[in-house]
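Student: Below is the file start-v6.txt, with compact mmCIF, N, CA, C and O atoms.
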# COMPACT_ATOMS: atom_id res chain seq x y z
N MET A 270 88.35 -19.32 -104.74
CA MET A 270 87.54 -19.61 -103.57
C MET A 270 86.36 -18.64 -103.57
O MET A 270 86.54 -17.45 -103.78
N SER A 271 85.19 -19.15 -103.32
CA SER A 271 83.99 -18.31 -103.33
C SER A 271 83.98 -17.39 -102.11
O SER A 271 84.64 -17.66 -101.10
N GLU A 272 83.23 -16.32 -102.21
CA GLU A 272 83.08 -15.38 -101.09
C GLU A 272 82.53 -16.10 -99.86
O GLU A 272 82.97 -15.85 -98.74
N GLU A 273 81.60 -17.02 -100.07
CA GLU A 273 81.02 -17.78 -98.95
C GLU A 273 82.10 -18.60 -98.25
O GLU A 273 82.16 -18.64 -97.01
N ASN A 274 82.94 -19.27 -99.03
CA ASN A 274 84.02 -20.07 -98.44
C ASN A 274 85.03 -19.20 -97.69
O ASN A 274 85.56 -19.60 -96.66
N ILE A 275 85.29 -18.02 -98.22
CA ILE A 275 86.21 -17.10 -97.55
C ILE A 275 85.63 -16.70 -96.20
O ILE A 275 86.33 -16.68 -95.18
N GLU A 276 84.33 -16.40 -96.16
CA GLU A 276 83.69 -16.02 -94.91
C GLU A 276 83.74 -17.15 -93.89
O GLU A 276 83.96 -16.92 -92.70
N ILE A 277 83.53 -18.38 -94.34
CA ILE A 277 83.60 -19.54 -93.45
C ILE A 277 85.01 -19.69 -92.90
O ILE A 277 85.21 -19.93 -91.70
N ALA A 278 86.01 -19.56 -93.76
CA ALA A 278 87.40 -19.68 -93.32
C ALA A 278 87.76 -18.59 -92.31
O ALA A 278 88.40 -18.87 -91.28
N LEU A 279 87.33 -17.37 -92.56
CA LEU A 279 87.59 -16.28 -91.62
C LEU A 279 86.89 -16.51 -90.29
O LEU A 279 87.46 -16.26 -89.22
N ALA A 280 85.66 -17.01 -90.34
CA ALA A 280 84.92 -17.31 -89.11
C ALA A 280 85.61 -18.42 -88.33
O ALA A 280 85.66 -18.39 -87.09
N ALA A 281 86.15 -19.42 -89.03
CA ALA A 281 86.84 -20.52 -88.37
C ALA A 281 88.11 -20.03 -87.67
O ALA A 281 88.37 -20.40 -86.52
N VAL A 282 88.88 -19.19 -88.33
CA VAL A 282 90.10 -18.64 -87.72
C VAL A 282 89.72 -17.79 -86.51
O VAL A 282 90.34 -17.89 -85.44
N ASP A 283 88.69 -16.98 -86.64
CA ASP A 283 88.25 -16.14 -85.53
C ASP A 283 87.80 -16.99 -84.34
O ASP A 283 88.19 -16.73 -83.20
N ALA A 284 86.99 -18.02 -84.59
CA ALA A 284 86.51 -18.89 -83.51
C ALA A 284 87.70 -19.58 -82.83
O ALA A 284 87.76 -19.66 -81.60
N TRP A 285 88.64 -20.08 -83.62
CA TRP A 285 89.82 -20.75 -83.07
C TRP A 285 90.59 -19.79 -82.16
O TRP A 285 90.93 -20.13 -81.03
N ASN A 286 90.89 -18.61 -82.67
CA ASN A 286 91.70 -17.66 -81.92
C ASN A 286 90.99 -17.15 -80.67
O ASN A 286 91.66 -16.76 -79.70
N ARG A 287 89.67 -17.15 -80.65
CA ARG A 287 88.90 -16.77 -79.46
C ARG A 287 88.82 -17.91 -78.45
O ARG A 287 88.38 -17.72 -77.33
N GLY A 288 89.21 -19.10 -78.88
CA GLY A 288 89.12 -20.26 -78.01
C GLY A 288 87.73 -20.88 -77.99
O GLY A 288 87.42 -21.69 -77.12
N ASP A 289 86.90 -20.51 -78.97
CA ASP A 289 85.54 -21.04 -79.05
C ASP A 289 85.54 -22.30 -79.90
O ASP A 289 85.23 -22.28 -81.09
N ARG A 290 85.93 -23.40 -79.29
CA ARG A 290 86.08 -24.65 -80.03
C ARG A 290 84.75 -25.18 -80.55
O ARG A 290 84.69 -25.80 -81.60
N GLU A 291 83.66 -24.93 -79.82
CA GLU A 291 82.34 -25.37 -80.30
C GLU A 291 81.95 -24.65 -81.59
O GLU A 291 81.45 -25.26 -82.52
N ALA A 292 82.18 -23.34 -81.65
CA ALA A 292 81.88 -22.57 -82.86
C ALA A 292 82.77 -23.03 -84.01
O ALA A 292 82.33 -23.13 -85.15
N TRP A 293 84.04 -23.32 -83.70
CA TRP A 293 84.98 -23.79 -84.73
C TRP A 293 84.51 -25.12 -85.29
O TRP A 293 84.44 -25.31 -86.49
N LEU A 294 84.13 -26.05 -84.42
CA LEU A 294 83.67 -27.36 -84.85
C LEU A 294 82.39 -27.26 -85.66
O LEU A 294 82.21 -27.98 -86.64
N ALA A 295 81.50 -26.36 -85.29
CA ALA A 295 80.22 -26.20 -85.99
C ALA A 295 80.40 -25.78 -87.45
O ALA A 295 79.51 -26.01 -88.28
N LEU A 296 81.54 -25.20 -87.78
CA LEU A 296 81.80 -24.76 -89.15
C LEU A 296 82.25 -25.91 -90.05
O LEU A 296 82.35 -25.75 -91.26
N TRP A 297 82.52 -27.07 -89.48
CA TRP A 297 82.98 -28.22 -90.23
C TRP A 297 81.81 -29.09 -90.65
O TRP A 297 80.92 -29.37 -89.86
N ASP A 298 81.84 -29.57 -91.88
CA ASP A 298 80.85 -30.55 -92.33
C ASP A 298 81.10 -31.84 -91.56
O ASP A 298 82.24 -32.19 -91.25
N GLU A 299 80.04 -32.56 -91.25
CA GLU A 299 80.17 -33.79 -90.48
C GLU A 299 80.94 -34.87 -91.22
O GLU A 299 81.40 -35.84 -90.60
N GLU A 300 81.12 -34.73 -92.52
CA GLU A 300 81.85 -35.72 -93.30
C GLU A 300 83.16 -35.16 -93.86
O GLU A 300 83.76 -35.74 -94.77
N ALA A 301 83.61 -34.05 -93.31
CA ALA A 301 84.84 -33.42 -93.79
C ALA A 301 86.06 -34.28 -93.49
O ALA A 301 86.11 -35.00 -92.50
N GLU A 302 87.04 -34.18 -94.37
CA GLU A 302 88.34 -34.80 -94.15
C GLU A 302 89.36 -33.68 -94.02
O GLU A 302 89.48 -32.83 -94.90
N PHE A 303 90.09 -33.68 -92.93
CA PHE A 303 91.00 -32.59 -92.59
C PHE A 303 92.43 -33.12 -92.66
O PHE A 303 92.77 -34.14 -92.05
N TYR A 304 93.30 -32.41 -93.42
CA TYR A 304 94.70 -32.79 -93.61
C TYR A 304 95.63 -31.67 -93.14
O TYR A 304 96.26 -31.00 -93.95
N PRO A 305 95.76 -31.44 -91.83
CA PRO A 305 96.75 -30.44 -91.42
C PRO A 305 98.16 -30.95 -91.73
O PRO A 305 98.36 -32.15 -91.95
N LEU A 306 99.11 -30.07 -91.74
CA LEU A 306 100.48 -30.42 -92.15
C LEU A 306 101.02 -31.61 -91.37
O LEU A 306 101.58 -32.54 -91.96
N ARG A 307 100.87 -31.61 -90.09
CA ARG A 307 101.41 -32.72 -89.29
C ARG A 307 100.80 -34.05 -89.72
O ARG A 307 101.51 -35.06 -89.84
N ALA A 308 99.51 -34.08 -89.96
CA ALA A 308 98.86 -35.32 -90.40
C ALA A 308 99.38 -35.74 -91.77
O ALA A 308 99.57 -36.94 -92.02
N GLN A 309 99.63 -34.79 -92.64
CA GLN A 309 100.17 -35.11 -93.96
C GLN A 309 101.55 -35.76 -93.82
O GLN A 309 101.86 -36.74 -94.51
N LEU A 310 102.36 -35.23 -92.94
CA LEU A 310 103.70 -35.78 -92.73
C LEU A 310 103.65 -37.18 -92.15
O LEU A 310 104.53 -38.00 -92.41
N GLU A 311 102.62 -37.46 -91.36
CA GLU A 311 102.47 -38.77 -90.73
C GLU A 311 101.61 -39.72 -91.57
O GLU A 311 101.39 -40.86 -91.19
N GLY A 312 101.10 -39.23 -92.70
CA GLY A 312 100.31 -40.07 -93.60
C GLY A 312 98.93 -40.41 -93.10
O GLY A 312 98.42 -41.50 -93.37
N GLU A 313 98.31 -39.49 -92.38
CA GLU A 313 96.96 -39.73 -91.90
C GLU A 313 96.12 -38.47 -92.06
O GLU A 313 96.63 -37.43 -92.45
N SER A 314 94.85 -38.58 -91.77
CA SER A 314 93.96 -37.43 -91.82
C SER A 314 92.92 -37.57 -90.71
O SER A 314 92.89 -38.57 -90.00
N TYR A 315 92.10 -36.56 -90.57
CA TYR A 315 91.04 -36.55 -89.57
C TYR A 315 89.71 -36.51 -90.31
O TYR A 315 89.49 -35.66 -91.17
N TRP A 316 88.80 -37.45 -89.97
CA TRP A 316 87.51 -37.57 -90.66
C TRP A 316 86.37 -37.10 -89.78
O TRP A 316 86.26 -37.51 -88.62
N GLY A 317 85.51 -36.24 -90.33
CA GLY A 317 84.28 -35.82 -89.66
C GLY A 317 84.50 -35.11 -88.35
O GLY A 317 85.62 -34.76 -87.98
N HIS A 318 83.41 -34.88 -87.63
CA HIS A 318 83.49 -34.16 -86.36
C HIS A 318 84.33 -34.94 -85.35
O HIS A 318 85.10 -34.34 -84.58
N GLU A 319 84.23 -36.26 -85.36
CA GLU A 319 85.02 -37.07 -84.42
C GLU A 319 86.52 -36.87 -84.67
O GLU A 319 87.30 -36.71 -83.74
N GLY A 320 86.90 -36.84 -85.93
CA GLY A 320 88.30 -36.63 -86.26
C GLY A 320 88.78 -35.24 -85.90
O GLY A 320 89.89 -35.06 -85.38
N VAL A 321 87.95 -34.24 -86.16
CA VAL A 321 88.33 -32.86 -85.84
C VAL A 321 88.43 -32.69 -84.32
O VAL A 321 89.32 -32.01 -83.82
N GLU A 322 87.55 -33.34 -83.57
CA GLU A 322 87.65 -33.30 -82.11
C GLU A 322 88.94 -33.98 -81.63
O GLU A 322 89.59 -33.51 -80.70
N ARG A 323 89.34 -35.05 -82.30
CA ARG A 323 90.61 -35.72 -81.98
C ARG A 323 91.77 -34.78 -82.26
O ARG A 323 92.72 -34.69 -81.48
N PHE A 324 91.70 -34.07 -83.40
CA PHE A 324 92.72 -33.08 -83.73
C PHE A 324 92.83 -32.03 -82.62
O PHE A 324 93.93 -31.69 -82.18
N LEU A 325 91.69 -31.52 -82.16
CA LEU A 325 91.69 -30.52 -81.07
C LEU A 325 92.37 -31.07 -79.83
O LEU A 325 93.18 -30.39 -79.20
N ALA A 326 92.03 -32.30 -79.47
CA ALA A 326 92.63 -32.92 -78.28
C ALA A 326 94.13 -33.05 -78.43
O ALA A 326 94.89 -32.76 -77.48
N GLU A 327 94.58 -33.47 -79.60
CA GLU A 327 96.02 -33.63 -79.83
C GLU A 327 96.74 -32.28 -79.80
O GLU A 327 97.84 -32.17 -79.26
N MET A 328 96.11 -31.27 -80.38
CA MET A 328 96.73 -29.94 -80.40
C MET A 328 96.89 -29.39 -78.99
O MET A 328 97.94 -28.84 -78.65
N THR A 329 95.86 -29.52 -78.17
CA THR A 329 95.95 -28.98 -76.81
C THR A 329 96.90 -29.81 -75.94
O THR A 329 97.45 -29.31 -74.98
N GLU A 330 97.10 -31.07 -76.30
CA GLU A 330 98.04 -31.92 -75.58
C GLU A 330 99.48 -31.55 -75.95
O GLU A 330 100.37 -31.55 -75.10
N ASP A 331 99.70 -31.22 -77.21
CA ASP A 331 101.05 -30.97 -77.71
C ASP A 331 101.51 -29.52 -77.59
O ASP A 331 102.71 -29.26 -77.51
N PHE A 332 100.57 -28.57 -77.59
CA PHE A 332 100.94 -27.16 -77.62
C PHE A 332 100.15 -26.39 -76.56
O PHE A 332 98.96 -26.62 -76.37
N GLU A 333 100.83 -25.45 -75.92
CA GLU A 333 100.18 -24.62 -74.92
C GLU A 333 99.18 -23.66 -75.56
O GLU A 333 98.08 -23.46 -75.05
N GLU A 334 99.56 -23.07 -76.69
CA GLU A 334 98.67 -22.15 -77.40
C GLU A 334 98.96 -22.22 -78.90
O GLU A 334 100.12 -22.28 -79.30
N VAL A 335 97.91 -22.22 -79.69
CA VAL A 335 98.04 -22.17 -81.14
C VAL A 335 97.11 -21.07 -81.64
O VAL A 335 95.94 -21.05 -81.31
N ARG A 336 97.67 -20.15 -82.41
CA ARG A 336 96.88 -19.06 -82.98
C ARG A 336 97.17 -19.01 -84.48
O ARG A 336 98.24 -19.37 -84.93
N PHE A 337 96.19 -18.55 -85.23
CA PHE A 337 96.35 -18.40 -86.68
C PHE A 337 96.24 -16.94 -87.04
O PHE A 337 95.46 -16.20 -86.45
N GLU A 338 97.03 -16.54 -88.01
CA GLU A 338 96.97 -15.18 -88.55
C GLU A 338 96.80 -15.28 -90.06
O GLU A 338 97.42 -16.12 -90.70
N ILE A 339 95.97 -14.42 -90.58
CA ILE A 339 95.75 -14.39 -92.02
C ILE A 339 96.47 -13.18 -92.58
O ILE A 339 96.28 -12.05 -92.12
N GLU A 340 97.31 -13.44 -93.56
CA GLU A 340 98.04 -12.36 -94.23
C GLU A 340 97.36 -12.06 -95.55
O GLU A 340 97.09 -12.97 -96.33
N GLU A 341 97.10 -10.83 -95.80
CA GLU A 341 96.52 -10.40 -97.07
C GLU A 341 97.60 -10.45 -98.13
O GLU A 341 98.74 -10.06 -97.88
N PRO A 342 97.27 -10.94 -99.34
CA PRO A 342 98.31 -10.98 -100.40
C PRO A 342 98.67 -9.60 -100.89
O PRO A 342 98.00 -8.66 -100.75
Written as C-alpha cells, that's how I'd like the structure from this file.
Tutor:
Amino acid sequence: MSEENIEIALAAVDAWNRGDREAWLALWDEEAEFYPLRAQLEGESYWGHEGVERFLAEMTEDFEEVRFEIEEP
C-alpha cells in the first residue's frame, strides 16, 4: 500500500471515529465499490457515494456506536 493510501485510510478512520461523516464520505471516490464484511456475507456491496451513504444509514440503524482501531503490526 502506498504512503498516500495509508494516509487516506488513517484520515478515514479518524473522521469516522470523530463522527465527521461528511469528511469520511469526502475521502471516497464517487465510483468506489465498498465491501464491508456484512455485505460480503449477504452477497452485496455499496456503490459510489450513494452506496456509502446507505451503508452509514444502515450502520447507525443497527448499532449505537461503531469505532475503528488500527493496530500496528
Student: If you count all atoms listed in the file, which residues fall within 8 Å of Phe337 (chain A), apart from same-chain ones fewer than 2 positions away, as a list in words?
Tutor: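 Result of the neighbour search: Val282, Asp283, Trp285, Asn286, Glu334, Val335, Ile339 and Glu340 of chain A.
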Student: Where does DSSP see alpha helix (DSSP H) in chain A, if you list the residues as a PyMOL selection string?
Tutor: chain A and resi 272-287+290-295+306-311+317-331
Student: Work out how far apart CA of Trp293 (chain A) and CA of Glu330 (chain A) are and give it in Å to one decimal.
Tutor: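 Going from CA of Trp293 (chain A) over to CA of Glu330 (chain A) covers 17.9 Å.
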Student: May I have the residues within 6 Å of Tyr304 (chain A) as a ChimeraX atom specification, using all atoms listed in the file and disregarding those fewer than 3 positions away in the same chain?
Tutor: /A:308-309,313-315
Student: Mind giving me the straight-line distance from atom N of Glu319 (chain A) to atom C of Leu294 (chain A) in Å, one decimal?
Tutor: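 Atom C of Leu294 (chain A) lies at a distance of 9.2 Å from atom N of Glu319 (chain A).
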Student: Step by step, gather every atom of region 295-310 of chain A that the file lists, find the box along x, y and z that holds them, add 5 Å on each side, and finally give centre and edge lengths in Å to one decimal, as AutoDock Vina command-line options.
Tutor:
--center_x 92.0 --center_y -31.4 --center_z -90.1 --size_x 35.0 --size_y 23.2 --size_z 19.6
Student: Tell me, in Å to one decimal, how far atom O of Glu327 (chain A) is from atom C of Glu300 (chain A).
Tutor: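 Distance reported for this atom pair: 20.9 Å.
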Student: From the set A:Met328, A:Ser271, A:Leu310, A:Trp316, which residue has the shortest atom-to-atom contact distance to Asp298 (chain A), counting only N, CA, C and O atoms?
Tutor: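 The shortest atom-to-atom distance to Asp298 (chain A) comes from A:Trp316.
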Student: Between A:Arg287, A:Arg323, A:His318, A:Arg336, which one has atoms that come closest to Ala301 (chain A), using only C-alpha atoms?
Tutor: A:His318
Student: May I have all residues of region 293-322 of chain A that DSSP, computed from the backbone, assigns to strand (DSSP E or B), given as number ranges by chain?
Tutor: A: 302-303, 315-316
Student: Take the residues from that selection and put them in a file with N, CA, C and O atoms, as an mmCIF file, in the frame of the given file.
Tutor:
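Contents of part-v3.cif, as written:
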data_model
loop_
_atom_site.group_PDB
_atom_site.id
_atom_site.type_symbol
_atom_site.label_atom_id
_atom_site.label_comp_id
_atom_site.auth_asym_id
_atom_site.auth_seq_id
_atom_site.Cartn_x
_atom_site.Cartn_y
_atom_site.Cartn_z
ATOM 1 N N GLU A 302 87.040 -34.180 -94.370
ATOM 2 C CA GLU A 302 88.340 -34.800 -94.150
ATOM 3 C C GLU A 302 89.360 -33.680 -94.020
ATOM 4 O O GLU A 302 89.480 -32.830 -94.900
ATOM 5 N N PHE A 303 90.090 -33.680 -92.930
ATOM 6 C CA PHE A 303 91.000 -32.590 -92.590
ATOM 7 C C PHE A 303 92.430 -33.120 -92.660
ATOM 8 O O PHE A 303 92.770 -34.140 -92.050
ATOM 9 N N TYR A 315 92.100 -36.560 -90.570
ATOM 10 C CA TYR A 315 91.040 -36.550 -89.570
ATOM 11 C C TYR A 315 89.710 -36.510 -90.310
ATOM 12 O O TYR A 315 89.490 -35.660 -91.170
ATOM 13 N N TRP A 316 88.800 -37.450 -89.970
ATOM 14 C CA TRP A 316 87.510 -37.570 -90.660
ATOM 15 C C TRP A 316 86.370 -37.100 -89.780
ATOM 16 O O TRP A 316 86.260 -37.510 -88.620
#
